[in-house]
>>> print(open('data_31.cif').read())   # mmCIF, C-alpha atoms and all ligand atoms
data_data
#
loop_
_atom_site.group_PDB
_atom_site.id
_atom_site.type_symbol
_atom_site.label_atom_id
_atom_site.label_comp_id
_atom_site.auth_asym_id
_atom_site.auth_seq_id
_atom_site.Cartn_x
_atom_site.Cartn_y
_atom_site.Cartn_z
ATOM 1 C CA MET A 1 126.083 113.766 125.779
ATOM 2 C CA SER A 2 124.114 110.537 126.277
ATOM 3 C CA THR A 3 124.457 108.157 123.354
ATOM 4 C CA LYS A 4 120.869 107.112 124.106
ATOM 5 C CA LEU A 5 119.727 110.428 122.623
ATOM 6 C CA PHE A 6 119.870 109.000 119.094
ATOM 7 C CA SER A 7 119.299 105.360 119.975
ATOM 8 C CA LEU A 8 116.255 103.530 118.602
ATOM 9 C CA ALA A 9 116.882 100.381 120.653
ATOM 10 C CA GLY A 10 113.598 98.753 121.637
ATOM 11 C CA ARG A 11 111.620 100.716 119.051
ATOM 12 C CA THR A 12 109.847 99.426 115.927
ATOM 13 C CA ALA A 13 109.697 101.519 112.760
ATOM 14 C CA LEU A 14 107.296 101.052 109.821
ATOM 15 C CA VAL A 15 108.684 102.609 106.641
ATOM 16 C CA THR A 16 106.260 102.624 103.716
ATOM 17 C CA GLY A 17 107.680 102.101 100.253
ATOM 18 C CA SER A 18 110.913 100.715 101.725
ATOM 19 C CA SER A 19 111.894 97.887 99.381
ATOM 20 C CA ARG A 20 113.983 100.371 97.387
ATOM 21 C CA GLY A 21 115.042 104.009 96.998
ATOM 22 C CA LEU A 22 114.770 106.554 99.792
ATOM 23 C CA GLY A 23 112.582 104.264 101.891
ATOM 24 C CA ARG A 24 115.109 101.427 101.761
ATOM 25 C CA ALA A 25 117.968 103.760 102.720
ATOM 26 C CA MET A 26 116.003 105.209 105.638
ATOM 27 C CA ALA A 27 114.952 101.733 106.790
ATOM 28 C CA GLU A 28 118.589 100.622 106.836
ATOM 29 C CA GLY A 29 119.575 103.737 108.777
ATOM 30 C CA LEU A 30 116.836 103.237 111.350
ATOM 31 C CA ALA A 31 117.880 99.587 111.758
ATOM 32 C CA ALA A 32 121.521 100.594 112.199
ATOM 33 C CA ALA A 33 120.369 102.929 114.994
ATOM 34 C CA GLY A 34 118.793 99.949 116.760
ATOM 35 C CA ALA A 35 115.206 99.841 115.543
ATOM 36 C CA THR A 36 113.301 96.760 114.505
ATOM 37 C CA VAL A 37 112.103 97.644 111.022
ATOM 38 C CA VAL A 38 108.875 96.757 109.245
ATOM 39 C CA LEU A 39 109.502 96.993 105.515
ATOM 40 C CA ASN A 40 106.562 97.756 103.245
ATOM 41 C CA GLY A 41 106.000 97.486 99.538
ATOM 42 C CA SER A 42 103.449 96.153 97.098
ATOM 43 C CA ASP A 43 105.854 93.837 95.221
ATOM 44 C CA GLN A 44 106.502 90.709 97.315
ATOM 45 C CA GLY A 45 109.663 89.768 95.432
ATOM 46 C CA ARG A 46 111.334 93.129 95.960
ATOM 47 C CA LEU A 47 110.109 93.265 99.554
ATOM 48 C CA SER A 48 111.477 89.839 100.447
ATOM 49 C CA ALA A 49 114.805 90.548 98.746
ATOM 50 C CA ALA A 50 115.212 93.760 100.721
ATOM 51 C CA ALA A 51 114.234 92.024 103.982
ATOM 52 C CA GLU A 52 116.676 89.179 103.400
ATOM 53 C CA ALA A 53 119.518 91.584 102.647
ATOM 54 C CA MET A 54 118.839 93.539 105.823
ATOM 55 C CA ARG A 55 118.577 90.349 107.904
ATOM 56 C CA ALA A 56 121.902 89.213 106.441
ATOM 57 C CA ALA A 57 123.334 92.493 107.742
ATOM 58 C CA GLY A 58 122.139 91.512 111.222
ATOM 59 C CA HIS A 59 119.028 93.655 111.428
ATOM 60 C CA THR A 60 115.635 92.570 112.807
ATOM 61 C CA VAL A 61 113.157 92.982 109.965
ATOM 62 C CA HIS A 62 109.469 92.226 109.446
ATOM 63 C CA GLU A 63 107.715 92.425 106.072
ATOM 64 C CA ALA A 64 104.294 94.035 105.546
ATOM 65 C CA ARG A 65 103.104 93.781 101.982
ATOM 66 C CA PHE A 66 100.228 96.182 101.278
ATOM 67 C CA ASP A 67 99.324 98.871 98.757
ATOM 68 C CA VAL A 68 99.306 102.160 100.674
ATOM 69 C CA THR A 69 96.342 103.366 98.599
ATOM 70 C CA ASP A 70 94.207 100.368 99.625
ATOM 71 C CA GLU A 71 92.577 101.482 102.886
ATOM 72 C CA ALA A 72 91.217 98.032 103.690
ATOM 73 C CA ALA A 73 94.696 96.544 103.245
ATOM 74 C CA VAL A 74 96.203 99.219 105.493
ATOM 75 C CA VAL A 75 93.625 98.611 108.233
ATOM 76 C CA ALA A 76 94.158 94.850 107.928
ATOM 77 C CA ALA A 77 97.923 95.295 108.197
ATOM 78 C CA PHE A 78 97.586 97.238 111.446
ATOM 79 C CA GLU A 79 95.165 94.620 112.777
ATOM 80 C CA ARG A 80 97.824 91.998 112.008
ATOM 81 C CA PHE A 81 100.397 94.099 113.869
ATOM 82 C CA ASP A 82 98.005 94.196 116.845
ATOM 83 C CA ALA A 83 97.466 90.437 116.719
ATOM 84 C CA GLU A 84 101.213 89.770 116.466
ATOM 85 C CA GLY A 85 102.120 92.227 119.237
ATOM 86 C CA VAL A 86 104.011 94.489 116.828
ATOM 87 C CA GLU A 87 103.864 98.043 118.234
ATOM 88 C CA ILE A 88 104.678 100.683 115.636
ATOM 89 C CA ASP A 89 106.621 103.381 117.529
ATOM 90 C CA ILE A 90 107.930 105.174 114.449
ATOM 91 C CA LEU A 91 106.065 105.686 111.172
ATOM 92 C CA VAL A 92 107.851 106.965 108.077
ATOM 93 C CA ASN A 93 105.270 107.848 105.415
ATOM 94 C CA ASN A 94 107.610 107.532 102.455
ATOM 95 C CA ALA A 95 105.653 105.705 99.764
ATOM 96 C CA GLY A 96 104.801 107.801 96.723
ATOM 97 C CA ILE A 97 104.721 107.961 92.960
ATOM 98 C CA GLN A 98 105.630 110.526 90.354
ATOM 99 C CA LEU A 99 103.774 111.335 87.106
ATOM 100 C CA ARG A 100 105.271 113.995 84.852
ATOM 101 C CA LYS A 101 102.739 115.518 82.410
ATOM 102 C CA PRO A 102 101.412 119.038 81.658
ATOM 103 C CA MET A 103 98.104 119.695 83.464
ATOM 104 C CA VAL A 104 96.213 120.267 80.214
ATOM 105 C CA GLU A 105 97.055 116.682 79.238
ATOM 106 C CA LEU A 106 96.435 115.219 82.701
ATOM 107 C CA ALA A 107 93.344 113.046 83.204
ATOM 108 C CA THR A 108 91.432 113.607 86.430
ATOM 109 C CA ALA A 109 91.932 109.929 87.235
ATOM 110 C CA GLU A 110 95.723 110.433 86.930
ATOM 111 C CA TRP A 111 95.501 113.434 89.265
ATOM 112 C CA ARG A 112 93.540 111.400 91.805
ATOM 113 C CA THR A 113 96.013 108.493 91.614
ATOM 114 C CA VAL A 114 98.960 110.700 92.543
ATOM 115 C CA ILE A 115 97.081 112.493 95.334
ATOM 116 C CA GLU A 116 95.908 109.153 96.766
ATOM 117 C CA ALA A 117 99.399 107.624 96.673
ATOM 118 C CA ASN A 118 101.361 110.628 97.932
ATOM 119 C CA LEU A 119 98.984 112.358 100.368
ATOM 120 C CA THR A 120 95.836 110.449 101.295
ATOM 121 C CA SER A 121 97.877 107.338 102.085
ATOM 122 C CA ALA A 122 99.933 109.319 104.616
ATOM 123 C CA PHE A 123 96.718 110.416 106.348
ATOM 124 C CA VAL A 124 95.232 106.897 106.436
ATOM 125 C CA ILE A 125 98.400 105.196 107.660
ATOM 126 C CA GLY A 126 99.091 108.057 110.060
ATOM 127 C CA ARG A 127 95.598 107.722 111.506
ATOM 128 C CA GLU A 128 95.950 103.974 112.003
ATOM 129 C CA ALA A 129 99.375 104.397 113.624
ATOM 130 C CA ALA A 130 98.228 107.255 115.870
ATOM 131 C CA LYS A 131 95.254 105.240 117.139
ATOM 132 C CA ARG A 132 97.825 102.848 118.632
ATOM 133 C CA MET A 133 100.417 105.471 119.655
ATOM 134 C CA ILE A 134 98.004 107.686 121.617
ATOM 135 C CA PRO A 135 97.239 105.135 124.363
ATOM 136 C CA ARG A 136 101.020 104.630 124.753
ATOM 137 C CA ARG A 137 101.470 108.431 124.879
ATOM 138 C CA ARG A 138 104.475 108.260 122.591
ATOM 139 C CA GLY A 139 105.154 107.986 118.889
ATOM 140 C CA LYS A 140 107.063 109.493 115.978
ATOM 141 C CA VAL A 141 105.459 110.252 112.626
ATOM 142 C CA ILE A 142 107.826 111.320 109.851
ATOM 143 C CA ASN A 143 106.200 112.321 106.564
ATOM 144 C CA ILE A 144 108.338 112.574 103.444
ATOM 145 C CA GLY A 145 107.781 115.833 101.600
ATOM 146 C CA SER A 146 109.779 117.345 98.792
ATOM 147 C CA LEU A 147 111.244 120.557 97.425
ATOM 148 C CA THR A 148 107.812 120.756 95.861
ATOM 149 C CA SER A 149 106.375 121.153 99.344
ATOM 150 C CA GLU A 150 107.593 124.756 98.878
ATOM 151 C CA LEU A 151 108.117 125.421 95.173
ATOM 152 C CA ALA A 152 106.267 124.259 92.079
ATOM 153 C CA ARG A 153 107.848 122.806 88.979
ATOM 154 C CA ALA A 154 106.050 122.503 85.642
ATOM 155 C CA THR A 155 104.682 119.061 84.675
ATOM 156 C CA VAL A 156 104.477 117.655 88.233
ATOM 157 C CA ALA A 157 101.315 119.429 89.470
ATOM 158 C CA PRO A 158 99.617 116.573 91.397
ATOM 159 C CA TYR A 159 102.929 115.610 93.015
ATOM 160 C CA THR A 160 103.525 119.245 93.984
ATOM 161 C CA VAL A 161 100.050 119.645 95.444
ATOM 162 C CA ALA A 162 100.350 116.366 97.341
ATOM 163 C CA LYS A 163 103.753 117.287 98.763
ATOM 164 C CA GLY A 164 102.490 120.732 99.735
ATOM 165 C CA GLY A 165 99.695 118.894 101.490
ATOM 166 C CA ILE A 166 102.237 116.689 103.266
ATOM 167 C CA LYS A 167 103.731 119.815 104.876
ATOM 168 C CA MET A 168 100.312 120.933 106.140
ATOM 169 C CA LEU A 169 99.196 117.405 107.094
ATOM 170 C CA THR A 170 102.301 117.272 109.300
ATOM 171 C CA ARG A 171 101.155 120.457 111.032
ATOM 172 C CA ALA A 172 97.591 119.116 111.334
ATOM 173 C CA MET A 173 98.958 115.967 112.981
ATOM 174 C CA THR A 174 100.928 118.191 115.378
ATOM 175 C CA ALA A 175 97.810 120.198 116.204
ATOM 176 C CA GLU A 176 95.946 117.069 117.302
ATOM 177 C CA TRP A 177 98.631 114.641 118.483
ATOM 178 C CA ALA A 178 101.464 116.662 120.100
ATOM 179 C CA GLU A 179 99.592 116.803 123.408
ATOM 180 C CA LYS A 180 99.280 113.018 123.228
ATOM 181 C CA GLY A 181 103.046 112.584 123.267
ATOM 182 C CA ILE A 182 103.431 112.130 119.498
ATOM 183 C CA GLN A 183 105.921 114.157 117.468
ATOM 184 C CA ALA A 184 104.949 114.629 113.802
ATOM 185 C CA ASN A 185 107.555 116.099 111.473
ATOM 186 C CA ALA A 186 108.596 115.896 107.827
ATOM 187 C CA ILE A 187 111.692 115.580 105.700
ATOM 188 C CA GLY A 188 111.981 117.359 102.353
ATOM 189 C CA PRO A 189 114.527 115.575 100.182
ATOM 190 C CA GLY A 190 116.159 117.527 97.377
ATOM 191 C CA TYR A 191 116.978 116.019 94.010
ATOM 192 C CA MET A 192 118.147 112.552 95.046
ATOM 193 C CA LEU A 193 119.649 109.735 92.979
ATOM 194 C CA THR A 194 116.716 107.305 92.930
ATOM 195 C CA ASP A 195 114.964 105.072 90.391
ATOM 196 C CA MET A 196 112.101 107.618 90.333
ATOM 197 C CA ASN A 197 114.539 110.283 89.168
ATOM 198 C CA GLN A 198 116.650 108.197 86.817
ATOM 199 C CA ALA A 199 115.023 109.728 83.724
ATOM 200 C CA LEU A 200 115.997 113.165 85.051
ATOM 201 C CA VAL A 201 119.557 112.104 85.841
ATOM 202 C CA ASP A 202 119.904 110.696 82.340
ATOM 203 C CA ASN A 203 118.663 113.943 80.786
ATOM 204 C CA PRO A 204 121.807 116.072 80.305
ATOM 205 C CA THR A 205 119.858 119.329 80.376
ATOM 206 C CA PHE A 206 118.001 118.486 83.588
ATOM 207 C CA ASP A 207 121.137 117.027 85.178
ATOM 208 C CA ALA A 208 123.005 120.261 84.440
ATOM 209 C CA TRP A 209 120.116 122.332 85.816
ATOM 210 C CA VAL A 210 120.068 120.381 89.106
ATOM 211 C CA LYS A 211 123.835 120.732 89.505
ATOM 212 C CA GLY A 212 123.703 124.446 88.658
ATOM 213 C CA ARG A 213 120.656 125.212 90.831
ATOM 214 C CA THR A 214 121.915 123.254 93.858
ATOM 215 C CA PRO A 215 124.566 125.097 95.922
ATOM 216 C CA SER A 216 126.228 121.729 96.661
ATOM 217 C CA ARG A 217 126.500 121.282 92.867
ATOM 218 C CA ARG A 218 125.398 117.638 92.945
ATOM 219 C CA TRP A 219 122.450 115.267 93.347
ATOM 220 C CA GLY A 220 121.821 113.887 96.809
ATOM 221 C CA LYS A 221 122.371 110.266 97.819
ATOM 222 C CA PRO A 222 119.507 108.360 99.536
ATOM 223 C CA GLU A 223 121.764 107.531 102.485
ATOM 224 C CA GLU A 224 122.148 111.273 103.117
ATOM 225 C CA LEU A 225 118.648 111.244 104.616
ATOM 226 C CA ILE A 226 119.655 108.815 107.374
ATOM 227 C CA GLY A 227 120.939 111.387 109.882
ATOM 228 C CA THR A 228 117.748 113.413 109.684
ATOM 229 C CA VAL A 229 115.377 110.448 109.866
ATOM 230 C CA VAL A 230 117.229 108.970 112.864
ATOM 231 C CA PHE A 231 117.118 112.380 114.574
ATOM 232 C CA LEU A 232 113.365 112.713 114.010
ATOM 233 C CA ALA A 233 112.783 109.087 115.074
ATOM 234 C CA SER A 234 114.836 109.388 118.280
ATOM 235 C CA PRO A 235 114.466 110.974 121.742
ATOM 236 C CA ALA A 236 116.695 113.784 120.441
ATOM 237 C CA SER A 237 113.635 115.288 118.747
ATOM 238 C CA ASP A 238 111.099 114.907 121.575
ATOM 239 C CA TYR A 239 110.420 118.673 121.577
ATOM 240 C CA VAL A 240 110.422 119.077 117.780
ATOM 241 C CA ASN A 241 106.941 119.194 116.264
ATOM 242 C CA GLY A 242 105.362 120.196 112.990
ATOM 243 C CA GLN A 243 108.664 120.924 111.265
ATOM 244 C CA ILE A 244 109.887 120.030 107.784
ATOM 245 C CA ILE A 245 113.640 119.635 107.460
ATOM 246 C CA TYR A 246 115.051 120.022 103.948
ATOM 247 C CA VAL A 247 117.931 117.774 102.942
ATOM 248 C CA ASP A 248 118.471 119.444 99.578
ATOM 249 C CA GLY A 249 122.090 120.575 99.224
ATOM 250 C CA GLY A 250 120.900 124.119 99.881
ATOM 251 C CA MET A 251 118.598 124.411 96.876
ATOM 252 C CA LEU A 252 115.733 126.066 98.772
ATOM 253 C CA ALA A 253 118.088 128.450 100.579
ATOM 254 C CA VAL A 254 119.611 130.150 97.538
ATOM 255 C CA LEU A 255 118.203 131.804 94.392
HETATM 256 C C1 LIG B 1 110.735 115.966 89.637
HETATM 257 C C2 LIG B 1 111.364 115.116 90.718
HETATM 258 C C3 LIG B 1 111.132 115.810 92.033
HETATM 259 C C4 LIG B 1 112.159 115.358 93.031
HETATM 260 C C5 LIG B 1 111.845 115.689 94.446
HETATM 261 C C6 LIG B 1 112.457 116.990 94.800
HETATM 262 O O1 LIG B 1 110.165 115.409 88.694
HETATM 263 O O2 LIG B 1 110.888 117.193 89.761
HETATM 264 O O3 LIG B 1 110.855 113.816 90.748
HETATM 265 O O4 LIG B 1 109.814 115.572 92.391
HETATM 266 O O5 LIG B 1 112.327 113.980 93.003
HETATM 267 O O6 LIG B 1 110.523 115.652 94.724
HETATM 268 O O7 LIG B 1 112.254 117.228 96.173
#
>>> encode(input="data_31.cif", output="structure tokens", more="lines below")
Ligand code: GCO
Amino acid sequence: MSTKLFSLAGRTALVTGSSRGLGRAMAEGLAAAGATVVLNGSDQGRLSAAAEAMRAAGHTVHEARFDVTDEAAVVAAFERFDAEGVEIDILVNNAGIQLRKPMVELATAEWRTVIEANLTSAFVIGREAAKRMIPRRRGKVINIGSLTSELARATVAPYTVAKGGIKMLTRAMTAEWAEKGIQANAIGPGYMLTDMNQALVDNPTFDAWVKGRTPSRRWGKPEELIGTVVFLASPASDYVNGQIIYVDGGMLAVL
């Protein structure tokens, strides 16, 4: 089997929300597979620290500081890429937030904030990336979903709705862009050990529930997404479109 099948040499990957957590792990995995990586975050300090660490590991890294919910900033970032000759071949729409609150206590503004950050941003950034990928007739869009792309959990309604939307946005992207040479797919992480989930990990009841409900009987590690993201970013997935691959220890497969 050709080792080029999973090689990202010569390709550039933009990973949103990649100064920490799942995005950082996926960015490191894509770089290890040969990609030049564009890190994104809204906090310059965290972004620069992550970029420096990856450069120290020998990776080629650019930094793109913008808030994914600020459309003007997103458009300006892609215009800068154009001006600098940075061609985004691979987009990982990873950035997102969580807000845990019962719906009857949830302000409409809070609802909108989560939907904007977790769903609308993926559309806007996907659109800007696809505008540049279509003329090249190649591109990879990888949206980050969730177990809540399939199943709801109380107190995370806007996140659940947004992640359900991510699954269908991925299919909508396929419907319009597959014939243009772009493959749009998604990854659904299970319960992963991240800062966003630290409060859940520290809650003995929730921690026990995750370990009991997950056939693998443990939380996932961010680096356990690397194989799937490299697969979806590489030529190995050139005929894979509109799919969501769950990396969840089997949680969705078993009652
Ligand atoms: C929560 C968690 C989840 C998981 C993830 C599962 O509050 O239930 O934050 O949202 O992190 O999304 O796929």
>>> closest_residue(input="data_31.cif", among="A:Ser146, A:Ser234, A:Thr170, A:Gln98", to="Leu30 (chain A)", atoms="all atoms listed in the file")
A:Ser234
>>> residues_near_ligand(input="data_31.cif", ligand="ligand LIG 1 (chain B)", cutoff="6 Å", atoms="only C-alpha atoms and all ligand atoms", output="list in words")
Ser146, Leu147, Thr148, Pro189, Gly190, Tyr191 and Asn197 of chain A
>>> resolve_selection(input="data_31.cif", expression="the PyMOL selection byres (((chain A and resi 237-243) around 9) and not hetatm)", output="mmCIF file with C-alpha atoms, in the coordinates of the input")
data_model
loop_
_atom_site.group_PDB
_atom_site.id
_atom_site.type_symbol
_atom_site.label_atom_id
_atom_site.label_comp_id
_atom_site.auth_asym_id
_atom_site.auth_seq_id
_atom_site.Cartn_x
_atom_site.Cartn_y
_atom_site.Cartn_z
ATOM 1 C CA LEU A 5 119.727 110.428 122.623
ATOM 2 C CA PHE A 6 119.870 109.000 119.094
ATOM 3 C CA LYS A 140 107.063 109.493 115.978
ATOM 4 C CA LYS A 167 103.731 119.815 104.876
ATOM 5 C CA MET A 168 100.312 120.933 106.140
ATOM 6 C CA LEU A 169 99.196 117.405 107.094
ATOM 7 C CA THR A 170 102.301 117.272 109.300
ATOM 8 C CA ARG A 171 101.155 120.457 111.032
ATOM 9 C CA ALA A 172 97.591 119.116 111.334
ATOM 10 C CA MET A 173 98.958 115.967 112.981
ATOM 11 C CA THR A 174 100.928 118.191 115.378
ATOM 12 C CA ALA A 175 97.810 120.198 116.204
ATOM 13 C CA ALA A 178 101.464 116.662 120.100
ATOM 14 C CA GLY A 181 103.046 112.584 123.267
ATOM 15 C CA ILE A 182 103.431 112.130 119.498
ATOM 16 C CA GLN A 183 105.921 114.157 117.468
ATOM 17 C CA ALA A 184 104.949 114.629 113.802
ATOM 18 C CA ASN A 185 107.555 116.099 111.473
ATOM 19 C CA ALA A 186 108.596 115.896 107.827
ATOM 20 C CA ILE A 187 111.692 115.580 105.700
ATOM 21 C CA PHE A 231 117.118 112.380 114.574
ATOM 22 C CA LEU A 232 113.365 112.713 114.010
ATOM 23 C CA ALA A 233 112.783 109.087 115.074
ATOM 24 C CA SER A 234 114.836 109.388 118.280
ATOM 25 C CA PRO A 235 114.466 110.974 121.742
ATOM 26 C CA ALA A 236 116.695 113.784 120.441
ATOM 27 C CA ILE A 244 109.887 120.030 107.784
ATOM 28 C CA ILE A 245 113.640 119.635 107.460
#
>>> atom_distance(input="data_31.cif", atom1="CA of Asn118 (chain A)", atom2="CA of Glu87 (chain A)")
24.0 Å
>>> atom_distance(input="data_31.cif", atom1="CA of Thr108 (chain A)", atom2="CA of Leu151 (chain A)")
22.2 Å
>>> residues_near_point(input="data_31.cif", point="(122.3, 108.7, 101.6)", cutoff="9 Å", atoms="all atoms listed in the file", output="list in words")
Leu22, Ala25, Met26, Met192, Gly220, Lys221, Pro222, Glu223, Glu224, Leu225, Ile226 and Gly227 of chain A
>>> closest_residue(input="data_31.cif", among="A:Ala32, A:Ala107, A:Leu47, A:Val141", to="Ser19 (chain A)", atoms="all atoms listed in the file")
A:Leu47
>>> resolve_selection(input="data_31.cif", expression="the PyMOL selection byres (((chain A and resi 122) around 10) and not hetatm)", output="ChimeraX atom specification")
/A:16,68-69,91-96,116-121,123-128,141-144,166,169-170
>>> write_last_selection(input="data_31.cif", atoms="C-alpha atoms", output="PDB file, in the coordinates of the input")
ATOM      1  CA  THR A  16     106.260 102.624 103.716  1.00  0.00           C
ATOM      2  CA  VAL A  68      99.306 102.160 100.674  1.00  0.00           C
ATOM      3  CA  THR A  69      96.342 103.366  98.599  1.00  0.00           C
ATOM      4  CA  LEU A  91     106.065 105.686 111.172  1.00  0.00           C
ATOM      5  CA  VAL A  92     107.851 106.965 108.077  1.00  0.00           C
ATOM      6  CA  ASN A  93     105.270 107.848 105.415  1.00  0.00           C
ATOM      7  CA  ASN A  94     107.610 107.532 102.455  1.00  0.00           C
ATOM      8  CA  ALA A  95     105.653 105.705  99.764  1.00  0.00           C
ATOM      9  CA  GLY A  96     104.801 107.801  96.723  1.00  0.00           C
ATOM     10  CA  GLU A 116      95.908 109.153  96.766  1.00  0.00           C
ATOM     11  CA  ALA A 117      99.399 107.624  96.673  1.00  0.00           C
ATOM     12  CA  ASN A 118     101.361 110.628  97.932  1.00  0.00           C
ATOM     13  CA  LEU A 119      98.984 112.358 100.368  1.00  0.00           C
ATOM     14  CA  THR A 120      95.836 110.449 101.295  1.00  0.00           C
ATOM     15  CA  SER A 121      97.877 107.338 102.085  1.00  0.00           C
ATOM     16  CA  PHE A 123      96.718 110.416 106.348  1.00  0.00           C
ATOM     17  CA  VAL A 124      95.232 106.897 106.436  1.00  0.00           C
ATOM     18  CA  ILE A 125      98.400 105.196 107.660  1.00  0.00           C
ATOM     19  CA  GLY A 126      99.091 108.057 110.060  1.00  0.00           C
ATOM     20  CA  ARG A 127      95.598 107.722 111.506  1.00  0.00           C
ATOM     21  CA  GLU A 128      95.950 103.974 112.003  1.00  0.00           C
ATOM     22  CA  VAL A 141     105.459 110.252 112.626  1.00  0.00           C
ATOM     23  CA  ILE A 142     107.826 111.320 109.851  1.00  0.00           C
ATOM     24  CA  ASN A 143     106.200 112.321 106.564  1.00  0.00           C
ATOM     25  CA  ILE A 144     108.338 112.574 103.444  1.00  0.00           C
ATOM     26  CA  ILE A 166     102.237 116.689 103.266  1.00  0.00           C
ATOM     27  CA  LEU A 169      99.196 117.405 107.094  1.00  0.00           C
ATOM     28  CA  THR A 170     102.301 117.272 109.300  1.00  0.00           C
TER      29      THR A 170
END
>>> atom_distance(input="data_31.cif", atom1="CA of Gly250 (chain A)", atom2="CA of Arg153 (chain A)")
17.1 Å
>>> closest_residue(input="data_31.cif", among="A:Arg80, A:Leu39, A:Asp67, A:Leu193", to="Gly21 (chain A)", atoms="all atoms listed in the file")
A:Leu193
>>> closest_residue(input="data_31.cif", among="A:Ser149, A:Ser7, A:Thr12, A:Ser42", to="Gly164 (chain A)", atoms="only C-alpha atoms")
A:Ser149
>>> resolve_selection(input="data_31.cif", expression="the PyMOL selection byres (((chain A and resi 43) around 12) and not hetatm)", output="PDB file with C-alpha atoms, in the frame of the given file")
ATOM      1  CA  GLY A  17     107.680 102.101 100.253  1.00  0.00           C
ATOM      2  CA  SER A  18     110.913 100.715 101.725  1.00  0.00           C
ATOM      3  CA  SER A  19     111.894  97.887  99.381  1.00  0.00           C
ATOM      4  CA  ARG A  20     113.983 100.371  97.387  1.00  0.00           C
ATOM      5  CA  LEU A  39     109.502  96.993 105.515  1.00  0.00           C
ATOM      6  CA  ASN A  40     106.562  97.756 103.245  1.00  0.00           C
ATOM      7  CA  GLY A  41     106.000  97.486  99.538  1.00  0.00           C
ATOM      8  CA  SER A  42     103.449  96.153  97.098  1.00  0.00           C
ATOM      9  CA  GLN A  44     106.502  90.709  97.315  1.00  0.00           C
ATOM     10  CA  GLY A  45     109.663  89.768  95.432  1.00  0.00           C
ATOM     11  CA  ARG A  46     111.334  93.129  95.960  1.00  0.00           C
ATOM     12  CA  LEU A  47     110.109  93.265  99.554  1.00  0.00           C
ATOM     13  CA  SER A  48     111.477  89.839 100.447  1.00  0.00           C
ATOM     14  CA  ALA A  49     114.805  90.548  98.746  1.00  0.00           C
ATOM     15  CA  ALA A  50     115.212  93.760 100.721  1.00  0.00           C
ATOM     16  CA  GLU A  63     107.715  92.425 106.072  1.00  0.00           C
ATOM     17  CA  ALA A  64     104.294  94.035 105.546  1.00  0.00           C
ATOM     18  CA  ARG A  65     103.104  93.781 101.982  1.00  0.00           C
ATOM     19  CA  PHE A  66     100.228  96.182 101.278  1.00  0.00           C
ATOM     20  CA  ASP A  67      99.324  98.871  98.757  1.00  0.00           C
ATOM     21  CA  VAL A  68      99.306 102.160 100.674  1.00  0.00           C
TER      22      VAL A  68
END
